[in-house]
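Structure data (CSV, C-alpha atoms) from work-v8.csv:
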chain,number,residue,atom,x,y,z
A,12,MET,CA,86.1,90.7,108.7
A,13,ALA,CA,88.7,93.5,107.9
A,14,ASP,CA,92.3,93.8,108.7
A,15,ILE,CA,94.8,96.7,109.1
A,16,LEU,CA,98.1,95.8,107.5
A,17,HIS,CA,101.5,97.5,107.7
A,18,ARG,CA,105.2,96.9,106.9
A,19,ILE,CA,108.3,98.8,107.9
A,20,GLY,CA,112.0,98.1,107.8
A,21,VAL,CA,114.3,99.1,110.6
A,22,ALA,CA,117.9,99.9,109.7
A,23,ARG,CA,120.9,99.0,111.9
A,24,SER,CA,118.9,96.7,114.1
A,25,SER,CA,118.1,93.0,114.5
A,26,PRO,CA,115.0,90.8,114.9
A,27,GLN,CA,116.0,90.2,118.5
A,28,ARG,CA,116.2,94.0,119.3
A,29,VAL,CA,112.8,94.6,117.7
A,30,TYR,CA,111.4,91.7,119.6
A,31,GLU,CA,112.6,93.2,122.8
A,32,ALA,CA,110.8,96.5,121.9
A,33,LEU,CA,107.6,94.5,121.6
A,34,THR,CA,107.9,92.2,124.6
A,35,THR,CA,109.2,94.4,127.5
A,36,VAL,CA,107.4,97.2,129.3
A,37,ASP,CA,110.5,99.4,128.8
A,38,GLY,CA,110.5,98.8,125.0
A,39,LEU,CA,106.7,99.2,124.5
A,40,SER,CA,106.6,102.5,126.5
A,41,GLY,CA,109.4,103.8,124.3
A,42,TRP,CA,107.3,103.9,121.1
A,43,TRP,CA,103.5,103.3,121.8
A,44,THR,CA,102.5,104.9,125.1
A,45,GLU,CA,104.5,105.9,128.2
A,46,LYS,CA,101.7,104.5,130.2
A,47,THR,CA,102.4,100.8,129.6
A,48,SER,CA,102.3,98.2,132.4
A,49,GLY,CA,101.4,94.5,132.9
A,50,VAL,CA,102.7,91.1,132.5
A,51,THR,CA,104.9,90.5,129.4
A,52,GLU,CA,105.0,86.6,129.5
A,53,LEU,CA,102.9,84.3,127.5
A,54,GLY,CA,99.3,84.4,128.9
A,55,GLY,CA,100.0,87.7,130.7
A,56,VAL,CA,98.0,90.9,130.0
A,57,LEU,CA,99.6,94.1,129.0
A,58,GLU,CA,97.8,97.4,129.8
A,59,PHE,CA,98.3,100.3,127.4
A,60,ARG,CA,96.8,103.6,128.5
A,61,PHE,CA,96.2,106.8,126.6
A,62,ALA,CA,94.5,110.2,127.4
A,63,ALA,CA,91.4,108.9,125.6
A,64,GLY,CA,91.3,105.4,127.2
A,65,GLY,CA,93.3,102.3,126.5
A,66,PHE,CA,93.7,98.7,125.5
A,67,ASP,CA,94.3,95.4,127.4
A,68,MET,CA,96.2,92.8,125.4
A,69,LYS,CA,96.7,89.2,126.3
A,70,VAL,CA,100.0,87.8,125.1
A,71,VAL,CA,99.0,84.7,123.1
A,72,GLU,CA,102.1,83.9,121.1
A,73,LEU,CA,105.8,84.5,121.6
A,74,VAL,CA,108.5,83.2,119.3
A,75,PRO,CA,111.8,85.0,120.2
A,76,GLY,CA,113.1,87.1,117.4
A,77,ARG,CA,110.3,86.0,115.1
A,78,ARG,CA,106.7,86.5,116.1
A,79,VAL,CA,104.5,88.1,118.7
A,80,ARG,CA,100.7,87.9,118.9
A,81,TRP,CA,98.3,89.7,121.2
A,82,GLU,CA,94.5,89.3,121.7
A,83,VAL,CA,92.6,92.4,122.7
A,84,VAL,CA,90.7,91.5,125.9
A,85,ASP,CA,89.5,95.0,126.9
A,86,GLY,CA,89.2,98.4,125.3
A,87,PRO,CA,86.9,100.1,122.8
A,88,PRO,CA,84.1,97.6,121.7
A,89,GLU,CA,85.4,97.6,118.1
A,90,TRP,CA,88.8,96.3,119.3
A,91,VAL,CA,87.7,93.6,121.8
A,92,GLY,CA,88.2,90.2,120.2
A,93,THR,CA,90.6,91.5,117.5
A,94,GLY,CA,94.2,90.3,117.3
A,95,VAL,CA,97.5,92.0,116.7
A,96,ARG,CA,100.3,90.1,115.0
A,97,TRP,CA,104.0,91.0,114.5
A,98,ASP,CA,106.3,89.0,112.3
A,99,LEU,CA,110.0,89.8,112.2
A,100,ARG,CA,112.8,88.8,109.9
A,101,GLN,CA,116.1,90.2,108.7
A,102,ASP,CA,116.4,91.1,105.0
A,103,GLY,CA,119.8,92.5,104.1
A,104,ASP,CA,120.4,95.7,106.0
A,105,PHE,CA,116.8,95.9,107.4
A,106,THR,CA,114.8,94.2,110.1
A,107,ILE,CA,111.4,93.8,108.4
A,108,VAL,CA,108.3,94.2,110.6
A,109,VAL,CA,105.1,92.8,109.1
A,110,PHE,CA,102.2,94.0,111.2
A,111,ALA,CA,98.5,93.1,111.2
A,112,HIS,CA,95.6,94.2,113.4
A,113,GLU,CA,93.1,91.5,112.3
A,114,GLY,CA,89.5,90.6,112.7
A,115,TRP,CA,87.6,93.9,112.8
A,116,ARG,CA,83.9,93.0,112.5
A,117,GLU,CA,83.2,96.0,110.3
A,118,PRO,CA,85.4,98.6,108.5
A,119,VAL,CA,83.9,101.5,110.6
A,120,GLU,CA,85.5,105.0,110.3
A,121,PHE,CA,87.3,104.4,113.6
A,122,MET,CA,89.2,101.5,111.8
A,123,TYR,CA,90.3,104.0,109.2
A,124,HIS,CA,91.7,106.2,111.9
A,125,CYS,CA,93.4,103.4,113.8
A,126,SER,CA,95.1,102.3,110.5
A,127,THR,CA,96.8,105.6,110.0
A,128,LYS,CA,97.6,105.9,113.7
A,129,TRP,CA,99.2,102.4,113.7
A,130,ALA,CA,101.5,103.7,110.9
A,131,VAL,CA,102.5,106.6,113.0
A,132,PHE,CA,103.4,104.4,115.9
A,133,LEU,CA,105.3,101.9,113.7
A,134,LEU,CA,107.4,104.9,112.5
A,135,SER,CA,107.9,105.7,116.2
A,136,LEU,CA,109.1,102.1,116.8
A,137,LYS,CA,111.4,102.4,113.8
A,138,ARG,CA,112.8,105.7,115.2
A,139,LEU,CA,113.2,104.3,118.7
A,140,LEU,CA,115.4,101.5,117.4
A,141,GLU,CA,117.3,103.6,114.9
A,142,THR,CA,118.0,106.6,117.0
A,143,GLY,CA,117.2,105.6,120.6
A,144,GLU,CA,114.2,108.0,120.8
A,145,GLY,CA,110.6,107.1,119.8
A,146,ALA,CA,107.5,109.3,119.9
A,147,PRO,CA,105.1,107.4,122.3
A,148,GLU,CA,102.0,109.1,123.7
A,149,PRO,CA,101.9,111.8,124.9
A,150,ARG,CA,104.6,112.9,122.5
A,151,ASP,CA,103.0,111.1,119.5
A,152,VAL,CA,102.1,112.8,116.2
A,153,ARG,CA,98.6,114.0,116.2
A,154,ILE,CA,96.8,113.1,113.0
A,155,SER,CA,93.2,114.5,113.4
A,156,ASP,CA,90.4,115.5,115.8
A,157,TRP,CA,90.4,111.9,117.0
A,158,HIS,CA,94.0,112.4,117.9
B,13,MET,CA,89.3,91.3,98.3
B,14,ALA,CA,91.2,93.5,100.8
B,15,ASP,CA,91.3,97.2,101.3
B,16,ILE,CA,93.7,99.8,102.7
B,17,LEU,CA,91.9,102.3,104.8
B,18,HIS,CA,93.1,105.6,106.4
B,19,ARG,CA,91.7,108.8,108.0
B,20,ILE,CA,93.4,112.1,108.7
B,21,GLY,CA,92.1,115.5,109.7
B,22,VAL,CA,93.6,118.7,108.2
B,23,ALA,CA,93.5,121.8,110.4
B,24,ARG,CA,92.9,125.3,109.1
B,25,SER,CA,91.8,124.1,105.7
B,26,SER,CA,88.5,123.3,103.9
B,27,PRO,CA,87.1,120.5,101.8
B,28,GLN,CA,87.5,122.7,98.8
B,29,ARG,CA,91.2,123.2,99.4
B,30,VAL,CA,91.8,119.5,100.0
B,31,TYR,CA,89.8,118.7,96.9
B,32,GLU,CA,92.1,121.0,94.9
B,33,ALA,CA,95.2,119.2,96.2
B,34,LEU,CA,93.7,116.0,94.9
B,35,THR,CA,92.5,117.2,91.5
B,36,THR,CA,95.2,119.5,90.1
B,37,VAL,CA,98.7,118.6,88.9
B,38,ASP,CA,100.1,121.3,91.1
B,39,GLY,CA,98.4,120.0,94.2
B,40,LEU,CA,99.2,116.3,93.6
B,41,SER,CA,102.8,117.0,92.9
B,42,GLY,CA,103.0,118.9,96.2
B,43,TRP,CA,102.4,115.8,98.4
B,44,TRP,CA,102.6,112.6,96.4
B,45,THR,CA,105.2,112.8,93.7
B,46,GLU,CA,106.8,115.7,92.0
B,47,LYS,CA,106.6,113.7,88.7
B,48,THR,CA,102.8,114.1,88.3
B,49,SER,CA,101.3,114.8,84.9
B,50,GLY,CA,98.2,114.0,82.9
B,51,VAL,CA,94.6,115.0,82.5
B,52,THR,CA,92.7,115.9,85.7
B,53,GLU,CA,89.2,116.0,84.3
B,54,LEU,CA,86.6,113.2,84.6
B,55,GLY,CA,87.7,110.3,82.4
B,56,GLY,CA,91.2,111.7,82.1
B,57,VAL,CA,94.3,109.7,83.1
B,58,LEU,CA,96.8,111.0,85.7
B,59,GLU,CA,100.4,109.7,85.6
B,60,PHE,CA,102.3,109.4,88.8
B,61,ARG,CA,106.0,108.5,88.5
B,62,PHE,CA,108.5,107.4,91.1
B,63,ALA,CA,112.1,106.3,91.0
B,64,ALA,CA,110.8,102.7,91.2
B,65,GLY,CA,108.0,103.0,88.6
B,66,GLY,CA,104.6,104.5,88.8
B,67,PHE,CA,100.9,104.4,88.5
B,68,ASP,CA,98.3,105.6,85.9
B,69,MET,CA,95.0,106.5,87.4
B,70,LYS,CA,91.8,107.1,85.5
B,71,VAL,CA,89.6,109.8,87.1
B,72,VAL,CA,86.2,108.0,87.5
B,73,GLU,CA,84.3,110.3,90.0
B,74,LEU,CA,84.6,114.0,90.9
B,75,VAL,CA,82.2,115.7,93.3
B,76,PRO,CA,83.7,119.1,94.1
B,77,GLY,CA,84.6,119.5,97.7
B,78,ARG,CA,83.2,116.0,98.6
B,79,ARG,CA,84.6,113.0,96.7
B,80,VAL,CA,87.3,111.9,94.3
B,81,ARG,CA,87.7,108.4,92.9
B,82,TRP,CA,90.4,106.9,90.7
B,83,GLU,CA,90.8,103.6,89.0
B,84,VAL,CA,94.3,102.2,88.5
B,85,VAL,CA,94.7,101.5,84.8
B,86,ASP,CA,98.5,100.8,84.7
B,87,GLY,CA,101.3,100.1,87.2
B,88,PRO,CA,102.3,97.1,89.3
B,89,PRO,CA,100.1,94.1,88.5
B,90,GLU,CA,98.8,94.1,92.1
B,91,TRP,CA,97.5,97.6,91.7
B,92,VAL,CA,95.8,97.3,88.3
B,93,GLY,CA,92.1,97.2,88.6
B,94,THR,CA,92.1,98.5,92.2
B,95,GLY,CA,90.4,101.8,93.1
B,96,VAL,CA,91.3,104.8,95.2
B,97,ARG,CA,88.5,106.7,96.9
B,98,TRP,CA,88.7,110.0,98.8
B,99,ASP,CA,85.8,111.3,100.8
B,100,LEU,CA,86.0,114.8,102.3
B,101,ARG,CA,83.9,116.7,104.9
B,102,GLN,CA,84.3,119.4,107.5
B,103,ASP,CA,84.0,118.4,111.2
B,104,GLY,CA,84.5,121.4,113.4
B,105,ASP,CA,88.1,122.7,113.0
B,106,PHE,CA,89.2,119.8,110.8
B,107,THR,CA,88.7,118.8,107.2
B,108,ILE,CA,88.3,115.0,107.5
B,109,VAL,CA,89.9,112.9,104.7
B,110,VAL,CA,88.6,109.4,104.5
B,111,PHE,CA,90.7,107.3,102.2
B,112,ALA,CA,90.5,103.8,100.8
B,113,HIS,CA,92.6,101.9,98.3
B,114,GLU,CA,90.1,99.1,97.5
B,115,GLY,CA,89.9,95.8,95.8
B,116,TRP,CA,93.3,94.2,96.3
B,117,ARG,CA,92.9,90.6,95.1
B,118,GLU,CA,95.2,89.2,97.8
B,119,PRO,CA,96.8,90.7,101.0
B,120,VAL,CA,100.3,90.3,99.6
B,121,GLU,CA,103.3,91.7,101.6
B,122,PHE,CA,103.4,94.6,99.0
B,123,MET,CA,100.0,95.6,100.2
B,124,TYR,CA,101.3,95.9,103.8
B,125,HIS,CA,104.0,98.2,102.5
B,126,CYS,CA,101.6,100.3,100.4
B,127,SER,CA,99.3,100.7,103.4
B,128,THR,CA,102.1,102.2,105.5
B,129,LYS,CA,103.4,104.3,102.6
B,130,TRP,CA,99.9,105.7,101.9
B,131,ALA,CA,99.8,106.9,105.6
B,132,VAL,CA,103.1,108.7,105.0
B,133,PHE,CA,101.8,110.4,101.9
B,134,LEU,CA,98.5,111.3,103.7
B,135,LEU,CA,100.6,113.0,106.4
B,136,SER,CA,102.5,114.8,103.6
B,137,LEU,CA,99.1,116.0,102.2
B,138,LYS,CA,98.1,117.2,105.7
B,139,ARG,CA,101.4,119.0,106.0
B,140,LEU,CA,101.1,120.6,102.5
B,141,LEU,CA,97.7,122.1,103.4
B,142,GLU,CA,98.6,123.1,106.9
B,143,THR,CA,102.1,124.6,106.3
B,144,GLY,CA,102.4,125.1,102.5
B,145,GLU,CA,105.1,122.4,102.2
B,146,GLY,CA,104.5,118.6,101.7
B,147,ALA,CA,107.0,115.8,101.3
B,148,PRO,CA,106.4,114.3,97.9
B,149,GLU,CA,108.8,111.9,96.3
B,150,PRO,CA,111.8,112.4,96.0
B,151,ARG,CA,111.6,114.1,99.4
B,152,ASP,CA,109.3,111.5,100.9
B,153,VAL,CA,109.9,109.6,104.2
B,154,ARG,CA,111.6,106.3,103.5
B,155,ILE,CA,110.1,103.5,105.5
B,156,SER,CA,112.1,100.4,104.5
B,157,ASP,CA,114.1,98.6,101.9
B,158,TRP,CA,111.1,98.9,99.6
B,159,HIS,CA,111.3,102.6,100.0

Any chance you could give the structure as structure tokens?
Amino acid sequence: MADILHRIGVARSSPQRVYEALTTVDGLSGWWTEKTSGVTELGGVLEFRFAAGGFDMKVVELVPGRRVRWEVVDGPPEWVGTGVRWDLRQDGDFTIVVFAHEGWREPVEFMYHCSTKWAVFLLSLKRLLETGEGAPEPRDVRISDWH
Amino acid sequence: MADILHRIGVARSSPQRVYEALTTVDGLSGWWTEKTSGVTELGGVLEFRFAAGGFDMKVVELVPGRRVRWEVVDGPPEWVGTGVRWDLRQDGDFTIVVFAHEGWREPVEFMYHCSTKWAVFLLSLKRLLETGEGAPEPRDVRISDWH
């Protein structure tokens, strides 16, 4: 098993505001992909769509202002069965976001790509909260031939 | 053991040009830290310095235009003994950079931070090669309280 791990700090925000950006369609479509839909409650399925396909995530844990967990129930075969975990806390002036995309069966090259692309989207989340404007798909930063 | 993995594609470049940015003091100081010095040949030690400290890397493999490997011989205790691997190839219009920072003993929170920060510096490498101007420390993108 292999995991993608990231950590960012959001200035002038709060765990509650970051939590909202992770648990509402409006928030999610402001930093990840504009084509976000689905059910945001526990047990619901969120649908994230991109030019090249998409992911369906089941919401498996919600602790307001502290933790969000999703399980990938549809999407690229390498993603199905993996989990995404978000842990939030306030440290001084920064809301700290500790992120993991866990349980990849093999560290295939697609995982290397997704690791870098997650970093780009986490910076988009940070920018959304700090400035009011993120860079979700289709306005995301292109990193390679794999987009 | 845990690994940080990333992949970017550099447009309008070549494996040889990317290799030079990874194996010369001038290249390295153009995307990672302006305070780069040391011996770039096989068996030499490169010294990378930042406001918050730095890393000494022994050059353990050099395959021109294809591969570079470093071993961390001094720096934060979590880094010492880990390895950094760069694999390069041309795929159509992009020079593909496959990066790994391997052999972390534990996935400590500092590793989460370094994973995101490596992505930021890889984007700086990409920008240096595509535009002639990277964003090395001290002009790097700040991602959190840990810089």

Per residue of chain B within 10 Å of chain A, note the shortest atom pair and the distance in Å to one decimal, counting all atoms listed in the file, and order the rows by chain and increasing residue number, as a tab-separated table.
residue	atom	partner	partner_atom	distance
B:Met13	CA	A:Ala13	CA	9.9
B:Ala14	CA	A:Ala13	CA	7.5
B:Asp15	CA	A:Ala13	CA	8.0
B:Ile16	CA	A:Ile15	CA	7.2
B:Leu17	CA	A:Tyr123	CA	5.0
B:His18	CA	A:Tyr123	CA	4.3
B:Arg19	CA	A:His124	CA	4.7
B:Ile20	CA	A:Ser155	CA	5.3
B:Gly21	CA	A:Ser155	CA	4.0
B:Val22	CA	A:Ser155	CA	6.7
B:Ala23	CA	A:Ser155	CA	7.9
B:Asp103	CA	A:Asp156	CA	8.4
B:Gly104	CA	A:Asp156	CA	8.7
B:Asp105	CA	A:Asp156	CA	8.1
B:Phe106	CA	A:Asp156	CA	6.7
B:Thr107	CA	A:Ser155	CA	8.8
B:Ile108	CA	A:Ser155	CA	7.7
B:Val109	CA	A:Ser155	CA	9.4
B:Val110	CA	A:Tyr123	CA	7.4
B:Phe111	CA	A:Tyr123	CA	7.7
B:Ala112	CA	A:Tyr123	CA	8.4
B:Pro119	CA	A:Leu16	CA	8.4
B:Val120	CA	A:Leu16	CA	9.9
B:Glu121	CA	A:Arg18	CA	7.7
B:Phe122	CA	A:Arg18	CA	8.4
B:Met123	CA	A:Leu16	CA	7.5
B:Tyr124	CA	A:His17	CA	4.2
B:His125	CA	A:Arg18	CA	4.7
B:Cys126	CA	A:His17	CA	7.8
B:Ser127	CA	A:His17	CA	5.8
B:Thr128	CA	A:His17	CA	5.2
B:Lys129	CA	A:Ala130	CA	8.5
B:Trp130	CA	A:Thr127	CA	8.7
B:Ala131	CA	A:Thr127	CA	5.5
B:Val132	CA	A:Ala130	CA	7.9
B:Leu134	CA	A:Thr127	CA	8.7
B:Leu135	CA	A:Ile154	CA	7.6
B:Lys138	CA	A:Ile154	CA	8.5
B:Val153	CA	A:Leu134	CA	9.9
B:Arg154	CA	A:Gly20	CA	9.3
B:Ile155	CA	A:Ile19	CA	5.6
B:Ser156	CA	A:Gly20	CA	4.0
B:Asp157	CA	A:Gly20	CA	6.3
B:Trp158	CA	A:Gly20	CA	8.3
B:His159	CA	A:Gly20	CA	9.0

Is it possible to get the superposed chain A, fitted on chain B over all Cα pairs by sequence order, as a short mmCIF file (atom, residue, chain, number, x, y, z; two decimals) with C-alpha atoms, in the coordinates of the input?
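superposed_27.cif, written as the output of this step:
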data_model
loop_
_atom_site.label_atom_id
_atom_site.label_comp_id
_atom_site.auth_asym_id
_atom_site.auth_seq_id
_atom_site.Cartn_x
_atom_site.Cartn_y
_atom_site.Cartn_z
CA MET A 12 89.27 91.25 98.32
CA ALA A 13 91.27 93.51 100.79
CA ASP A 14 91.27 97.18 101.30
CA ILE A 15 93.74 99.76 102.72
CA LEU A 16 91.91 102.29 104.85
CA HIS A 17 93.07 105.61 106.31
CA ARG A 18 91.71 108.79 107.96
CA ILE A 19 93.34 112.11 108.69
CA GLY A 20 92.11 115.52 109.68
CA VAL A 21 93.58 118.67 108.26
CA ALA A 22 93.51 121.77 110.45
CA ARG A 23 92.91 125.31 109.12
CA SER A 24 91.73 124.11 105.76
CA SER A 25 88.50 123.36 103.89
CA PRO A 26 87.02 120.51 101.82
CA GLN A 27 87.43 122.66 98.73
CA ARG A 28 91.21 123.26 99.38
CA VAL A 29 91.78 119.54 99.95
CA TYR A 30 89.86 118.77 96.84
CA GLU A 31 92.08 121.04 94.89
CA ALA A 32 95.17 119.16 96.26
CA LEU A 33 93.67 115.98 94.85
CA THR A 34 92.40 117.21 91.49
CA THR A 35 95.17 119.50 90.08
CA VAL A 36 98.63 118.52 88.88
CA ASP A 37 100.08 121.34 91.04
CA GLY A 38 98.34 120.02 94.21
CA LEU A 39 99.12 116.29 93.61
CA SER A 40 102.85 117.00 92.93
CA GLY A 41 102.97 118.92 96.20
CA TRP A 42 102.38 115.86 98.42
CA TRP A 43 102.60 112.51 96.41
CA THR A 44 105.28 112.75 93.73
CA GLU A 45 106.88 115.73 91.94
CA LYS A 46 106.61 113.73 88.82
CA THR A 47 102.84 114.05 88.30
CA SER A 48 101.29 114.83 84.89
CA GLY A 49 98.10 114.03 82.90
CA VAL A 50 94.59 114.99 82.50
CA THR A 51 92.74 115.98 85.72
CA GLU A 52 89.10 115.97 84.33
CA LEU A 53 86.63 113.23 84.66
CA GLY A 54 87.69 110.33 82.34
CA GLY A 55 91.24 111.72 82.09
CA VAL A 56 94.32 109.72 83.19
CA LEU A 57 96.78 110.99 85.67
CA GLU A 58 100.39 109.69 85.53
CA PHE A 59 102.30 109.44 88.81
CA ARG A 60 105.96 108.52 88.50
CA PHE A 61 108.46 107.42 91.09
CA ALA A 62 112.15 106.21 91.02
CA ALA A 63 110.83 102.64 91.21
CA GLY A 64 108.06 102.97 88.56
CA GLY A 65 104.63 104.50 88.74
CA PHE A 66 100.88 104.41 88.52
CA ASP A 67 98.29 105.51 85.89
CA MET A 68 94.94 106.52 87.36
CA LYS A 69 91.77 107.17 85.48
CA VAL A 70 89.59 109.81 87.09
CA VAL A 71 86.21 108.08 87.49
CA GLU A 72 84.38 110.28 89.95
CA LEU A 73 84.55 113.94 90.86
CA VAL A 74 82.21 115.65 93.29
CA PRO A 75 83.69 119.12 94.14
CA GLY A 76 84.60 119.45 97.74
CA ARG A 77 83.27 116.00 98.54
CA ARG A 78 84.58 112.98 96.70
CA VAL A 79 87.22 111.86 94.26
CA ARG A 80 87.66 108.35 92.84
CA TRP A 81 90.42 106.95 90.67
CA GLU A 82 90.76 103.53 88.91
CA VAL A 83 94.26 102.20 88.50
CA VAL A 84 94.69 101.48 84.76
CA ASP A 85 98.47 100.82 84.70
CA GLY A 86 101.21 100.11 87.20
CA PRO A 87 102.37 97.15 89.28
CA PRO A 88 100.09 94.06 88.53
CA GLU A 89 98.78 94.05 92.13
CA TRP A 90 97.43 97.60 91.67
CA VAL A 91 95.83 97.33 88.19
CA GLY A 92 92.07 97.14 88.60
CA THR A 93 92.10 98.51 92.18
CA GLY A 94 90.37 101.78 93.06
CA VAL A 95 91.29 104.74 95.20
CA ARG A 96 88.57 106.72 96.93
CA TRP A 97 88.71 110.05 98.83
CA ASP A 98 85.81 111.39 100.81
CA LEU A 99 85.98 114.86 102.32
CA ARG A 100 83.91 116.67 104.88
CA GLN A 101 84.36 119.40 107.45
CA ASP A 102 84.01 118.45 111.13
CA GLY A 103 84.54 121.39 113.47
CA ASP A 104 88.05 122.71 113.06
CA PHE A 105 89.21 119.82 110.77
CA THR A 106 88.75 118.80 107.18
CA ILE A 107 88.35 115.01 107.49
CA VAL A 108 89.86 112.87 104.72
CA VAL A 109 88.56 109.30 104.57
CA PHE A 110 90.77 107.34 102.22
CA ALA A 111 90.47 103.83 100.77
CA HIS A 112 92.62 101.90 98.29
CA GLU A 113 90.11 99.08 97.57
CA GLY A 114 89.92 95.81 95.79
CA TRP A 115 93.33 94.17 96.24
CA ARG A 116 92.94 90.56 95.05
CA GLU A 117 95.18 89.26 97.81
CA PRO A 118 96.73 90.80 100.98
CA VAL A 119 100.33 90.21 99.65
CA GLU A 120 103.29 91.73 101.61
CA PHE A 121 103.48 94.53 99.04
CA MET A 122 99.92 95.60 100.23
CA TYR A 123 101.29 95.83 103.73
CA HIS A 124 103.99 98.14 102.53
CA CYS A 125 101.70 100.29 100.41
CA SER A 126 99.39 100.72 103.49
CA THR A 127 102.08 102.26 105.59
CA LYS A 128 103.40 104.29 102.66
CA TRP A 129 99.87 105.67 101.95
CA ALA A 130 99.88 106.92 105.60
CA VAL A 131 103.11 108.67 105.04
CA PHE A 132 101.81 110.43 101.99
CA LEU A 133 98.50 111.38 103.68
CA LEU A 134 100.63 113.05 106.42
CA SER A 135 102.46 114.81 103.57
CA LEU A 136 99.09 116.01 102.17
CA LYS A 137 98.10 117.16 105.65
CA ARG A 138 101.42 119.07 105.97
CA LEU A 139 101.14 120.59 102.51
CA LEU A 140 97.78 122.12 103.39
CA GLU A 141 98.69 123.12 106.92
CA THR A 142 102.06 124.60 106.30
CA GLY A 143 102.36 125.04 102.52
CA GLU A 144 105.12 122.38 102.23
CA GLY A 145 104.50 118.62 101.69
CA ALA A 146 107.05 115.82 101.40
CA PRO A 147 106.37 114.32 97.87
CA GLU A 148 108.86 111.95 96.25
CA PRO A 149 111.78 112.36 96.08
CA ARG A 150 111.67 114.11 99.42
CA ASP A 151 109.28 111.52 100.97
CA VAL A 152 109.99 109.61 104.20
CA ARG A 153 111.63 106.36 103.53
CA ILE A 154 110.06 103.55 105.50
CA SER A 155 112.03 100.35 104.51
CA ASP A 156 114.13 98.58 101.85
CA TRP A 157 111.12 98.86 99.55
CA HIS A 158 111.34 102.57 100.04
#

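Considering all atoms listed in the file, the residue among A:Asp67, A:Glu45, A:Asp37, A:Glu31 positioned nearest to A:Pro149 is A:Glu45.
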
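Minimum atom-to-atom distance to B:Thr94, evaluated using only C-alpha atoms, belongs to B:Trp116 out of B:Trp43, B:Phe67, B:Trp116, B:Phe62.
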
Do you know which residues are at most 7 Å from B:Glu83 counting all atoms listed in the file, after dropping those on the same chain fewer than 4 positions away, and could you put them as a PyMOL selection string?
-> chain B and resi 69-72+93-96

Interatomic distance (Å, one decimal) between atom CA of B:Gly66 and atom CA of B:Gly87 | 5.7 Å

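Pairwise distance (atom CA of A:Thr44, atom CA of B:Arg151) equals 28.8 Å.
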
Considering only C-alpha atoms, state which residue in the set B:Asp152, B:Arg78, B:Val30, B:Glu90 is at the smallest distance from B:Phe133.
-> B:Asp152

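Note that atom CA of A:Arg138 and atom CA of A:Arg23 are 11.0 Å apart.
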
Measuring atom to atom with all atoms listed in the file, identify which of A:Ala32, A:Leu99, A:Val83, A:Leu39 is nearest to A:His112.
-> A:Val83

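Counting all atoms listed in the file, the residue from B:Lys47, B:Gly39, B:Pro27, B:Pro88 that sits nearest to B:Glu145 is B:Gly39.
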
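Among the candidate residues B:Leu34, B:Ser41, B:Glu149, B:Arg29, the one lying nearest to B:Gly65 is B:Glu149, with distances computed using all atoms listed in the file.
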